[in-house]
$ cat input_36.csv   # CSV, C-alpha atoms
chain,number,residue,atom,x,y,z
F,1,MET,CA,10.5,-4.2,-29.2
F,2,ARG,CA,7.1,-5.8,-28.4
F,3,TYR,CA,4.9,-4.9,-25.5
F,4,PRO,CA,2.4,-7.3,-23.9
F,5,ARG,CA,-0.8,-7.5,-25.9
F,6,PHE,CA,-2.8,-5.6,-23.3
F,7,ALA,CA,-0.6,-2.5,-23.9
F,8,TYR,CA,-2.1,-2.0,-27.4
F,9,ILE,CA,-5.7,-1.8,-26.3
F,10,PRO,CA,-6.8,1.6,-25.0
F,11,GLN,CA,-8.2,0.8,-21.6
F,12,PRO,CA,-8.0,2.4,-18.1
F,13,ALA,CA,-4.9,1.2,-16.2
F,14,PHE,CA,-6.8,1.4,-12.9
F,15,VAL,CA,-10.3,2.1,-11.7
F,16,ASN,CA,-10.3,5.9,-11.2
F,17,GLN,CA,-7.8,6.9,-13.9
F,18,GLN,CA,-8.4,10.5,-15.1
F,19,ASP,CA,-9.3,10.9,-18.8
F,20,ASP,CA,-5.9,12.6,-19.6
F,21,GLU,CA,-3.7,10.9,-17.0
F,22,ARG,CA,-0.6,9.5,-18.7
F,23,VAL,CA,0.8,6.3,-17.5
F,24,PHE,CA,4.6,5.7,-17.3
F,25,ILE,CA,4.9,2.4,-15.5
F,26,ILE,CA,2.6,-0.7,-15.3
F,27,ALA,CA,4.7,-3.4,-13.7
F,28,ARG,CA,3.7,-6.7,-12.3
F,29,ARG,CA,5.9,-8.8,-10.1
F,30,HIS,CA,8.6,-10.7,-12.0
F,31,PHE,CA,8.1,-14.4,-12.6
F,32,VAL,CA,11.0,-15.0,-10.2
F,33,ASP,CA,8.5,-14.3,-7.4
F,34,PHE,CA,6.4,-17.3,-8.6
F,35,ILE,CA,9.2,-19.8,-9.1
F,36,GLY,CA,9.1,-21.0,-5.5
F,37,TYR,CA,5.4,-21.7,-5.7
F,38,ALA,CA,5.8,-23.3,-9.2
F,39,ILE,CA,8.5,-25.8,-7.8
F,40,ILE,CA,6.3,-26.7,-4.8
F,41,ILE,CA,3.3,-27.3,-7.0
F,42,PHE,CA,5.3,-29.4,-9.4
F,43,ALA,CA,6.7,-31.5,-6.5
F,44,LEU,CA,3.2,-32.0,-5.1
F,45,LEU,CA,2.1,-33.2,-8.6
F,46,LEU,CA,4.7,-35.9,-8.4
F,47,VAL,CA,3.7,-37.1,-4.8
F,48,PRO,CA,0.9,-39.5,-6.0
F,49,ILE,CA,3.3,-41.1,-8.5
F,50,LEU,CA,5.8,-41.6,-5.7
F,51,ILE,CA,3.2,-43.0,-3.3
F,52,VAL,CA,1.9,-45.4,-6.0
F,53,THR,CA,5.4,-46.5,-6.9
F,54,ILE,CA,6.6,-47.0,-3.3
F,55,GLY,CA,3.5,-48.3,-1.7
F,56,TYR,CA,2.3,-50.4,-4.7
F,57,GLN,CA,2.0,-53.6,-2.8
F,58,GLY,CA,0.2,-52.1,0.2
F,59,ILE,CA,-2.3,-50.3,-2.0
F,60,GLY,CA,-2.9,-53.6,-3.9
F,61,GLN,CA,-3.6,-55.5,-0.7
F,62,ALA,CA,-5.9,-52.8,0.7
F,63,ILE,CA,-7.9,-52.9,-2.6
F,64,ALA,CA,-8.0,-56.7,-2.5
F,65,THR,CA,-9.4,-56.7,1.0
F,66,GLY,CA,-11.6,-53.6,0.7
F,67,GLY,CA,-13.1,-54.4,-2.7
F,68,ALA,CA,-15.2,-51.8,-4.6
F,69,ILE,CA,-15.4,-49.4,-1.6
F,70,ALA,CA,-11.6,-49.2,-1.4
F,71,TYR,CA,-11.5,-48.4,-5.1
F,72,ASP,CA,-14.2,-45.6,-4.6
F,73,ILE,CA,-12.2,-44.1,-1.7
F,74,LEU,CA,-9.0,-44.2,-3.8
F,75,ILE,CA,-10.7,-42.4,-6.7
F,76,LEU,CA,-12.3,-39.8,-4.4
F,77,VAL,CA,-9.0,-39.2,-2.5
F,78,SER,CA,-7.1,-38.8,-5.8
F,79,ALA,CA,-9.7,-36.4,-7.2
F,80,VAL,CA,-9.8,-34.3,-4.1
F,81,TYR,CA,-6.0,-34.2,-4.0
F,82,PHE,CA,-5.7,-32.9,-7.6
F,83,MET,CA,-8.5,-30.4,-7.0
F,84,LEU,CA,-6.8,-29.1,-3.9
F,85,LEU,CA,-3.6,-28.8,-5.9
F,86,MET,CA,-5.4,-26.7,-8.5
F,87,VAL,CA,-6.8,-24.5,-5.7
F,88,VAL,CA,-3.4,-24.0,-4.2
F,89,ALA,CA,-1.9,-23.3,-7.7
F,90,MET,CA,-4.6,-20.8,-8.6
F,91,THR,CA,-4.5,-19.1,-5.2
F,92,SER,CA,-0.8,-18.6,-5.4
F,93,TRP,CA,-1.1,-17.4,-9.0
F,94,VAL,CA,-3.7,-14.8,-8.1
F,95,GLY,CA,-1.5,-13.6,-5.3
F,96,TYR,CA,1.4,-13.2,-7.6
F,97,TYR,CA,-0.2,-11.9,-10.8
F,98,TYR,CA,-2.6,-9.3,-9.5
F,99,ASN,CA,0.0,-7.3,-7.7
F,100,LEU,CA,0.7,-4.1,-9.6
F,101,LEU,CA,2.8,-1.0,-9.5
F,102,ILE,CA,1.4,1.9,-11.6
F,103,VAL,CA,3.1,5.2,-12.0
F,104,THR,CA,1.3,8.0,-13.7
F,105,ASP,CA,2.1,11.7,-14.1
F,106,GLU,CA,0.1,12.5,-11.0
F,107,ARG,CA,0.6,9.6,-8.6
F,108,ILE,CA,2.0,6.2,-7.7
F,109,ILE,CA,-0.5,3.4,-7.2
F,110,GLU,CA,0.3,0.1,-5.6
F,111,VAL,CA,-2.2,-2.8,-5.8
F,112,ALA,CA,-1.4,-5.5,-3.2
F,113,GLN,CA,-3.3,-8.7,-3.7
F,114,LYS,CA,-2.9,-11.3,-0.9
F,115,GLY,CA,-4.6,-14.5,-1.7
F,116,PHE,CA,-8.2,-14.4,-2.9
F,117,PHE,CA,-9.9,-12.3,-0.2
F,118,SER,CA,-7.5,-9.4,0.4
F,119,ARG,CA,-6.9,-6.7,-2.1
F,120,GLU,CA,-5.5,-3.3,-1.1
F,121,MET,CA,-4.9,-0.3,-3.3
F,122,TYR,CA,-2.5,2.5,-2.0
F,123,GLU,CA,-2.0,5.8,-3.7
F,124,LEU,CA,0.7,8.4,-3.3
F,125,ALA,CA,1.1,11.8,-4.8
F,126,PHE,CA,4.6,12.7,-6.0
F,127,GLU,CA,4.7,15.7,-3.8
F,128,GLN,CA,4.7,13.4,-0.7
F,129,ILE,CA,7.8,11.5,-1.7
F,130,GLU,CA,10.8,12.0,0.5
F,131,ASP,CA,13.2,9.4,-0.8
F,132,VAL,CA,13.3,6.6,-3.3
F,133,SER,CA,15.7,3.6,-3.3
F,134,TYR,CA,16.0,0.1,-4.8
F,135,HIS,CA,17.6,-3.1,-3.7
F,136,THR,CA,18.7,-6.2,-5.6
F,137,LYS,CA,19.7,-9.1,-3.5
F,138,GLY,CA,20.4,-12.8,-4.4
F,139,PHE,CA,21.5,-14.7,-7.4
F,140,LEU,CA,18.2,-15.0,-9.2
F,141,ASN,CA,17.3,-11.4,-8.7
F,142,THR,CA,20.6,-10.2,-10.0
F,143,PHE,CA,20.5,-12.6,-12.9
F,144,PHE,CA,17.0,-11.6,-14.0
F,145,GLU,CA,17.4,-7.9,-13.1
F,146,VAL,CA,14.7,-7.9,-10.4
F,147,GLY,CA,14.6,-5.8,-7.3
F,148,ASP,CA,12.5,-4.1,-4.6
F,149,ILE,CA,11.6,-0.5,-4.7
F,150,GLU,CA,11.3,1.5,-1.4
F,151,ILE,CA,9.6,4.9,-1.4
F,152,GLN,CA,9.7,6.8,1.8
F,153,THR,CA,7.0,9.4,2.3
F,154,ALA,CA,6.8,12.7,4.2
F,155,GLY,CA,4.4,13.0,7.1
F,156,THR,CA,2.0,10.3,8.1
F,157,ALA,CA,1.6,8.8,4.6
F,158,ARG,CA,2.3,5.1,4.3
F,159,ASN,CA,5.8,4.1,3.0
F,160,PHE,CA,5.8,2.0,-0.2
F,161,TYR,CA,7.7,-1.2,-0.5
F,162,VAL,CA,7.1,-3.0,-3.8
F,163,ARG,CA,8.8,-6.4,-4.1
F,164,ARG,CA,10.3,-8.2,-7.1
F,165,ILE,CA,9.8,-5.6,-9.8
F,166,PRO,CA,11.6,-6.0,-13.1
F,167,TYR,CA,14.3,-3.5,-14.0
F,168,PRO,CA,14.2,-1.7,-10.6
F,169,GLN,CA,16.9,0.8,-11.8
F,170,ILE,CA,14.5,2.0,-14.5
F,171,VAL,CA,11.6,2.3,-12.1
F,172,PHE,CA,13.8,4.1,-9.6
F,173,ARG,CA,15.0,6.6,-12.1
F,174,ILE,CA,11.5,7.4,-13.5
F,175,ILE,CA,10.0,7.9,-10.0
F,176,HIS,CA,13.0,9.9,-8.9
F,177,ASP,CA,12.7,12.2,-11.9
F,178,LEU,CA,8.9,12.7,-11.5
F,179,ALA,CA,9.2,13.3,-7.8
F,180,ARG,CA,11.9,15.9,-8.3
F,181,GLN,CA,9.9,17.7,-10.9
F,182,ALA,CA,6.8,17.6,-8.7
F,183,ARG,CA,8.8,19.2,-5.8
F,184,SER,CA,10.1,21.9,-8.0
F,185,GLY,CA,6.6,22.8,-9.0
F,186,VAL,CA,6.3,21.3,-12.5
F,187,LYS,CA,2.6,20.8,-13.3
F,188,ASP,CA,1.5,17.1,-13.6
F,189,LYS,CA,0.7,17.3,-17.4
F,190,GLU,CA,4.2,18.6,-18.1
F,191,ARG,CA,6.1,16.0,-16.1
F,192,MET,CA,8.3,13.6,-18.0
F,193,PRO,CA,11.1,11.3,-17.1
F,194,GLU,CA,14.5,12.7,-18.1
F,195,SER,CA,16.3,9.5,-19.1
F,196,GLU,CA,16.2,7.8,-22.4
F,197,ILE,CA,13.8,5.3,-21.0
F,198,ILE,CA,10.5,7.0,-20.3
F,199,GLY,CA,8.4,4.0,-19.2
F,200,LEU,CA,8.0,0.4,-18.4
F,201,ILE,CA,5.1,-1.6,-19.6
F,202,GLY,CA,4.9,-5.2,-18.4
F,203,SER,CA,8.6,-5.8,-18.4
F,204,GLN,CA,9.3,-3.9,-21.6
F,205,PRO,CA,11.1,-0.5,-21.4
F,206,VAL,CA,9.6,2.3,-23.4
F,207,LEU,CA,12.3,4.3,-25.2
F,208,ARG,CA,12.1,8.0,-25.8
F,209,GLY,CA,11.1,8.9,-29.3
F,210,THR,CA,9.3,5.6,-30.0
F,211,LYS,CA,5.6,5.3,-30.4
F,212,THR,CA,4.0,4.7,-27.0
F,213,PRO,CA,1.5,1.9,-26.6
F,214,ALA,CA,-2.2,2.9,-26.2
F,215,ILE,CA,-2.4,2.0,-22.5
F,216,MET,CA,0.1,4.8,-21.7
F,217,ASN,CA,-2.6,7.2,-22.7
F,218,PHE,CA,-0.3,9.8,-24.3
F,219,GLY,CA,-2.8,10.6,-27.1
F,220,ALA,CA,-6.0,12.4,-26.9
F,221,GLY,CA,-7.3,10.9,-23.7
F,222,LEU,CA,-9.2,7.7,-22.8
F,223,SER,CA,-12.6,8.8,-23.9
F,224,ALA,CA,-11.3,10.0,-27.3
F,225,HIS,CA,-9.4,6.7,-27.7
F,226,ARG,CA,-12.6,4.8,-26.9
F,227,ASP,CA,-14.7,6.8,-29.4
F,228,GLU,CA,-12.1,6.3,-32.1
F,229,TYR,CA,-11.8,2.6,-31.4
F,230,SER,CA,-15.5,2.0,-31.3
F,231,GLN,CA,-16.1,3.6,-34.7
F,232,ASN,CA,-17.4,1.2,-37.4
F,233,LEU,CA,-18.0,-1.4,-34.7
F,234,LYS,CA,-19.5,-4.5,-36.1
F,235,ARG,CA,-21.6,-7.1,-34.3
F,236,PRO,CA,-19.5,-10.0,-33.1
F,237,LYS,CA,-19.8,-12.9,-35.4
F,238,THR,CA,-17.8,-15.9,-34.2
F,239,LEU,CA,-18.4,-17.7,-30.9
F,240,ARG,CA,-15.0,-16.3,-29.6
F,241,GLU,CA,-16.0,-12.7,-30.5
F,242,LYS,CA,-19.4,-13.1,-28.8
F,243,PHE,CA,-17.8,-14.6,-25.7
F,244,ASP,CA,-15.2,-11.8,-25.6
F,245,ARG,CA,-17.9,-9.1,-25.9
F,246,TRP,CA,-19.9,-10.7,-23.2
F,247,TRP,CA,-16.9,-11.1,-20.9
F,248,TRP,CA,-15.7,-7.6,-21.3
F,249,ALA,CA,-19.1,-5.9,-21.2
F,250,HIS,CA,-20.3,-7.8,-18.1
F,251,MET,CA,-17.1,-8.3,-16.1
F,252,LYS,CA,-15.5,-4.9,-16.6
F,253,GLY,CA,-18.5,-2.9,-15.3
F,254,GLU,CA,-17.7,0.8,-15.4
F,255,GLN,CA,-14.5,0.1,-17.3
F,256,LEU,CA,-16.5,-0.9,-20.3
F,257,ILE,CA,-14.3,-1.1,-23.4
F,258,TYR,CA,-15.4,-1.5,-27.0
F,259,VAL,CA,-13.2,-3.7,-29.0
F,260,ASN,CA,-13.0,-3.4,-32.8
F,261,TYR,CA,-12.3,-6.8,-34.1
F,262,GLU,CA,-11.3,-5.6,-37.5
F,263,PHE,CA,-8.7,-3.3,-35.9
F,264,GLU,CA,-7.4,-6.3,-33.9
F,265,ALA,CA,-7.3,-8.5,-36.9
F,266,GLU,CA,-5.5,-5.9,-39.0
F,267,ARG,CA,-2.9,-5.4,-36.2
F,268,ALA,CA,-2.3,-9.1,-35.9
F,269,ARG,CA,-1.8,-9.4,-39.6
F,270,LYS,CA,0.7,-6.5,-39.7
F,271,LEU,CA,2.6,-8.0,-36.7
F,272,LYS,CA,2.8,-11.4,-38.4
F,273,GLU,CA,4.0,-9.8,-41.6
F,274,ALA,CA,6.7,-7.8,-39.7
F,275,ARG,CA,7.9,-10.8,-37.9
F,276,ARG,CA,8.2,-12.8,-41.1
F,277,GLN,CA,10.3,-10.0,-42.5
F,278,GLY,CA,12.4,-9.8,-39.3
F,279,GLN,CA,11.5,-6.1,-38.6
F,280,VAL,CA,11.0,-4.4,-35.3
F,281,SER,CA,7.3,-4.7,-34.7
F,282,SER,CA,6.4,-1.9,-32.3
F,283,ASP,CA,5.7,0.7,-35.0
F,284,VAL,CA,3.5,-1.5,-37.2
F,285,SER,CA,1.5,-2.7,-34.2
F,286,LYS,CA,-0.2,0.6,-33.9
F,287,LYS,CA,-2.9,1.8,-36.3
V,1,MET,CA,-22.6,-47.2,0.0
V,2,THR,CA,-22.3,-46.3,-3.6
V,3,ALA,CA,-24.9,-43.6,-3.2
V,4,VAL,CA,-22.9,-42.1,-0.3
V,5,VAL,CA,-19.8,-42.0,-2.5
V,6,PHE,CA,-21.6,-40.2,-5.3
V,7,ILE,CA,-23.2,-37.7,-3.0
V,8,LEU,CA,-19.8,-37.0,-1.4
V,9,PHE,CA,-18.4,-36.6,-4.9
V,10,PHE,CA,-21.0,-34.1,-5.9
V,11,ILE,CA,-20.6,-32.1,-2.7
V,12,ILE,CA,-16.9,-31.8,-3.4
V,13,VAL,CA,-17.6,-30.7,-7.0
V,14,ILE,CA,-20.0,-28.1,-5.8
V,15,ILE,CA,-17.5,-26.7,-3.3
V,16,TYR,CA,-15.0,-26.7,-6.1
V,17,ALA,CA,-17.4,-24.8,-8.4
V,18,ILE,CA,-17.9,-22.1,-5.8
V,19,PHE,CA,-14.1,-21.6,-5.7
V,20,THR,CA,-14.1,-21.5,-9.5
V,21,MET,CA,-16.7,-18.7,-9.4
V,22,VAL,CA,-14.6,-16.7,-7.0
V,23,LEU,CA,-11.7,-17.1,-9.3
V,24,PHE,CA,-13.9,-16.1,-12.3
V,25,TYR,CA,-14.8,-12.9,-10.5
V,26,HIS,CA,-11.1,-12.1,-9.8
V,27,VAL,CA,-10.0,-12.8,-13.4
V,28,GLY,CA,-12.9,-10.8,-14.9
V,29,ARG,CA,-12.7,-7.8,-12.5
V,30,TYR,CA,-9.0,-7.2,-12.0
V,31,SER,CA,-7.3,-8.3,-15.3
V,32,PHE,CA,-6.4,-6.1,-18.2
V,33,ILE,CA,-8.1,-6.8,-21.5
V,34,GLY,CA,-5.5,-8.8,-23.4
V,35,ASP,CA,-3.4,-10.1,-20.5
V,36,ILE,CA,-2.9,-13.8,-19.8
V,37,SER,CA,-5.6,-14.1,-17.1
V,38,LYS,CA,-8.3,-15.4,-19.3
V,39,ARG,CA,-6.0,-18.0,-20.9
V,40,VAL,CA,-4.9,-19.2,-17.4
V,41,PHE,CA,-8.5,-19.4,-16.3
V,42,ALA,CA,-9.4,-21.4,-19.4
V,43,PHE,CA,-6.5,-23.8,-18.7
V,44,TYR,CA,-7.7,-24.1,-15.1
V,45,VAL,CA,-11.3,-24.8,-16.1
V,46,GLY,CA,-10.1,-27.3,-18.8
V,47,THR,CA,-7.8,-29.2,-16.3
V,48,SER,CA,-10.5,-29.2,-13.6
V,49,ALA,CA,-13.1,-30.6,-16.0
V,50,ILE,CA,-10.7,-33.4,-17.0
V,51,ILE,CA,-10.1,-34.3,-13.4
V,52,ILE,CA,-13.8,-34.3,-12.5
V,53,ALA,CA,-14.8,-36.2,-15.6
V,54,VAL,CA,-12.1,-38.9,-15.2
V,55,ALA,CA,-13.0,-39.3,-11.5
V,56,PHE,CA,-16.7,-39.6,-12.4
V,57,VAL,CA,-16.1,-42.1,-15.2
V,58,LEU,CA,-13.9,-44.2,-12.9
V,59,LEU,CA,-16.6,-44.2,-10.1
V,60,ILE,CA,-19.3,-45.3,-12.6
V,61,LEU,CA,-17.0,-48.0,-14.1
V,62,ASN,CA,-16.2,-49.3,-10.6
V,63,HIS,CA,-19.9,-49.3,-9.7
V,64,ILE,CA,-20.8,-51.3,-12.9
V,65,LEU,CA,-17.9,-53.7,-12.4
V,66,SER,CA,-18.8,-54.3,-8.8
V,67,LEU,CA,-22.5,-55.0,-9.8
V,68,ASN,CA,-21.3,-57.5,-12.4
V,69,ALA,CA,-19.1,-59.2,-9.8
V,70,ILE,CA,-22.0,-59.5,-7.4
V,71,SER,CA,-24.4,-61.0,-10.0

$ encode --input "input_36.csv" --output "C-alpha cells"
Amino acid sequence: MRYPRFAYIPQPAFVNQQDDERVFIIARRHFVDFIGYAIIIFALLLVPILIVTIGYQGIGQAIATGGAIAYDILILVSAVYFMLLMVVAMTSWVGYYYNLLIVTDERIIEVAQKGFFSREMYELAFEQIEDVSYHTKGFLNTFFEVGDIEIQTAGTARNFYVRRIPYPQIVFRIIHDLARQARSGVKDKERMPESEIIGLIGSQPVLRGTKTPAIMNFGAGLSAHRDEYSQNLKRPKTLREKFDRWWWAHMKGEQLIYVNYEFEAERARKLKEARRQGQVSSDVSKK
Amino acid sequence: MTAVVFILFFIIVIIYAIFTMVLFYHVGRYSFIGDISKRVFAFYVGTSAIIIAVAFVLLILNHILSLNAIS
C-alpha cells in the first residue's frame, strides 16, 4: 500500500490544526469529477485543427487578400485561443483539486473551492452530527466507488454535502463511529474508528495495525515531528533544493515546514529498493 | 500597424501573467507539500511559455518577411 507523497511529510493538514489533533481522513474529490471538464478541454483543443481542415480554402483566400496583417491577426487569435484554453483548464482544475474533506478526532472540515476567487471552509464538531448518509449514483460513480456524503446537523449548524468522494462507505463508517463515540461522551483524544479501516488518505485506505503516515499526526504531535525532522538540516545545495526551500518558506507562511533532504533521499532510495524486490512499500517508507 | 499588433500582443501577455500570478498564489498557499500542485503549475507555465514564444517568433518572422516583400 502506498499513500500519496504528501502523506509522508509531517505538515499541518489545515491552517488551524491543533498540535496533537489526529487526522483520519484527507480526501479530495475523485478524478471522476474532473472527467467532464477534461473531455471538454480536449475537444476545444481539437477545434482549431477542425477549423483549419474544414475552412482551409477560405483561410487561404483571406490571407492572400489581407497579406501580412491577416497573418498577424491569425497568429494573435490562435495565441489568445490557446491561452484562454489554458485559463479554462487551470480554473476548472483549481475548482476540482482544492476541494477537501478532512476528518480529525475533534471535527470535520470541508474546504469548498469554487473557481479562483471563492474559497469557503466549514467546520463541524462531532457532537453536532445528527445523521450521516452516503449516496452512489450513476455508472462511473459505481465503477470507481465514488459517492456523495451527507451530514445532517442538529440545530442551526449548516448541513454538509460533500460530492464525489472516493470510497464513501469507508468515509461514512468512520464519521459514523466517531460521531457515535462523541455522543456517548468519549474524549476526542480517545476516539478511534471501530472498523478495520481507520482512515483514508488521498484515496488510499489506512488499515488498522499498519504504520500510519506522518500527516495523520498519530505520533508525538506536529511540533515534535517538525523538530525531529529538522534535525541535522543542511543548507540546500542543488537548484531544485533551493527552489523548494524558497517556495515552502515563502508560500506557506505560518505553516512553515522544514524539509530534510537527506531524509527524503533515504526514503526514496528505500522505496525504490522495495519496489524492485516487489515488497509492500508502506513500512519502509517511514524512517 | 505592426507596432499595434505587438502592443496588443504584450497587453495580452501581461493579462495572462496576472492570471498566472493568481494561480501561483493558490498553488503555493493551498497545496500540501508533496502533492501534484507544483508539477501541474510547472506544466502550465511550460506550456504557456511555449505558446507565447511560438506566437512571438511567428509575429517577428511575419514582420521580417513582409519587410522583405516590400523592399

$ closest_residue --input "input_36.csv" --among "V:Gly46, V:Ala69, V:Val54, V:Asp35" --to "chain F" --atoms "only C-alpha atoms"
V:Asp35

$ residues_around --input "input_36.csv" --residues "Leu65 (chain V)" --least-positions-apart "3" --cutoff "12 Å" --atoms "only C-alpha atoms" --output "list in words"
Gly67, Ala68, Ile69, Tyr71 and Asp72 of chain F; Leu58, Leu59, Ile60, Leu61, Asn62, Asn68, Ala69, Ile70 and Ser71 of chain V

$ closest_residue --input "input_36.csv" --among "V:Phe10, V:Gly34, V:His26, V:Ala3" --to "Ala55 (chain V)" --atoms "only C-alpha atoms"
V:Phe10

$ closest_atom_pairs --input "input_36.csv" --of "chain V" --to "chain F" --cutoff "10 Å" --atoms "all atoms listed in the file" --output "Markdown table"
| residue | atom | partner | partner_atom | distance |
| --- | --- | --- | --- | --- |
| V:Met1 | CA | F:Ile69 | CA | 7.7 |
| V:Thr2 | CA | F:Ile69 | CA | 7.8 |
| V:Val5 | CA | F:Asp72 | CA | 7.0 |
| V:Phe6 | CA | F:Asp72 | CA | 9.2 |
| V:Leu8 | CA | F:Leu76 | CA | 8.5 |
| V:Phe9 | CA | F:Leu76 | CA | 6.9 |
| V:Ile12 | CA | F:Val80 | CA | 7.6 |
| V:Val13 | CA | F:Val80 | CA | 9.1 |
| V:Tyr16 | CA | F:Met83 | CA | 7.5 |
| V:Phe19 | CA | F:Val87 | CA | 7.9 |
| V:Thr20 | CA | F:Val87 | CA | 8.8 |
| V:Val22 | CA | F:Phe116 | CA | 7.9 |
| V:Leu23 | CA | F:Phe116 | CA | 7.8 |
| V:Phe24 | CA | F:Met251 | CA | 9.2 |
| V:Tyr25 | CA | F:Met251 | CA | 7.6 |
| V:His26 | CA | F:Phe116 | CA | 7.8 |
| V:Val27 | CA | F:Val94 | CA | 8.5 |
| V:Gly28 | CA | F:Met251 | CA | 5.0 |
| V:Arg29 | CA | F:Met251 | CA | 5.7 |
| V:Tyr30 | CA | F:Tyr98 | CA | 7.2 |
| V:Ser31 | CA | F:Tyr98 | CA | 7.5 |
| V:Phe32 | CA | F:Phe6 | CA | 6.3 |
| V:Ile33 | CA | F:Phe6 | CA | 5.7 |
| V:Gly34 | CA | F:Phe6 | CA | 4.2 |
| V:Asp35 | CA | F:Phe6 | CA | 5.3 |
| V:Ile36 | CA | F:Phe6 | CA | 8.9 |
| V:Ser37 | CA | F:Tyr97 | CA | 8.6 |
| V:Lys38 | CA | F:Trp247 | CA | 9.7 |
| V:Val40 | CA | F:Met90 | CA | 8.9 |
| V:Phe41 | CA | F:Met90 | CA | 8.7 |
| V:Tyr44 | CA | F:Met86 | CA | 7.5 |
| V:Val45 | CA | F:Met86 | CA | 9.8 |
| V:Thr47 | CA | F:Met86 | CA | 8.5 |
| V:Ser48 | CA | F:Met83 | CA | 7.0 |
| V:Ile51 | CA | F:Ala79 | CA | 6.6 |
| V:Ile52 | CA | F:Ala79 | CA | 7.0 |
| V:Ala53 | CA | F:Ala79 | CA | 9.8 |
| V:Val54 | CA | F:Ala79 | CA | 8.7 |
| V:Ala55 | CA | F:Ala79 | CA | 6.1 |
| V:Phe56 | CA | F:Ile75 | CA | 8.7 |
| V:Leu58 | CA | F:Ile75 | CA | 7.2 |
| V:Leu59 | CA | F:Asp72 | CA | 6.2 |
| V:Ile60 | CA | F:Asp72 | CA | 9.5 |
| V:Asn62 | CA | F:Ala68 | CA | 6.6 |
| V:His63 | CA | F:Ala68 | CA | 7.4 |
| V:Leu65 | CA | F:Ala68 | CA | 8.5 |
| V:Ser66 | CA | F:Ala68 | CA | 6.1 |
| V:Leu67 | CA | F:Ala68 | CA | 9.5 |
| V:Ala69 | CA | F:Ala68 | CA | 9.8 |

$ closest_residue --input "input_36.csv" --among "F:Leu222, F:Val103, F:Ile149, F:Met192" --to "Tyr167 (chain F)" --atoms "all atoms listed in the file"
F:Ile149

$ atom_distance --input "input_36.csv" --atom1 "CA of Arg275 (chain F)" --atom2 "CA of Lys242 (chain F)"
28.9 Å

$ atom_distance --input "input_36.csv" --atom1 "CA of Ser92 (chain F)" --atom2 "CA of Leu45 (chain F)"
15.2 Å

$ residues_around --input "input_36.csv" --residues "region 108-110 of chain F" --least-positions-apart "2" --cutoff "9 Å" --atoms "only C-alpha atoms" --output "MDAnalysis selection string"
chainID F and resid 14 99:106 112 120:126 160 162 175

$ residues_near_point --input "input_36.csv" --point "(3.6, 17.2, -17.2)" --cutoff "12 Å" --atoms "only C-alpha atoms" --output "PyMOL selection string"
chain F and resi 20-24+104-107+177-179+181-182+185-194+218

$ closest_residue --input "input_36.csv" --among "F:Pro236, F:Gly209, F:Gly155, F:Gly95" --to "Arg119 (chain F)" --atoms "all atoms listed in the file"
F:Gly95

$ atom_distance --input "input_36.csv" --atom1 "CA of Lys114 (chain F)" --atom2 "CA of Arg29 (chain F)"
13.0 Å

$ residues_near_point --input "input_36.csv" --point "(10.4, -1.7, -3.5)" --cutoff "9 Å" --atoms "only C-alpha atoms" --output "mmCIF file with C-alpha atoms, keeping the file's coordinate frame"
data_model
loop_
_atom_site.group_PDB
_atom_site.id
_atom_site.type_symbol
_atom_site.label_atom_id
_atom_site.label_comp_id
_atom_site.auth_asym_id
_atom_site.auth_seq_id
_atom_site.Cartn_x
_atom_site.Cartn_y
_atom_site.Cartn_z
ATOM 1 C CA VAL F 132 13.300 6.600 -3.300
ATOM 2 C CA SER F 133 15.700 3.600 -3.300
ATOM 3 C CA TYR F 134 16.000 0.100 -4.800
ATOM 4 C CA HIS F 135 17.600 -3.100 -3.700
ATOM 5 C CA GLY F 147 14.600 -5.800 -7.300
ATOM 6 C CA ASP F 148 12.500 -4.100 -4.600
ATOM 7 C CA ILE F 149 11.600 -0.500 -4.700
ATOM 8 C CA GLU F 150 11.300 1.500 -1.400
ATOM 9 C CA ILE F 151 9.600 4.900 -1.400
ATOM 10 C CA PHE F 160 5.800 2.000 -0.200
ATOM 11 C CA TYR F 161 7.700 -1.200 -0.500
ATOM 12 C CA VAL F 162 7.100 -3.000 -3.800
ATOM 13 C CA ARG F 163 8.800 -6.400 -4.100
ATOM 14 C CA ARG F 164 10.300 -8.200 -7.100
ATOM 15 C CA ILE F 165 9.800 -5.600 -9.800
ATOM 16 C CA PRO F 168 14.200 -1.700 -10.600
#

$ closest_residue --input "input_36.csv" --among "F:Thr156, F:Leu271, F:Tyr96, F:Gln128" --to "Ala38 (chain F)" --atoms "only C-alpha atoms"
F:Tyr96
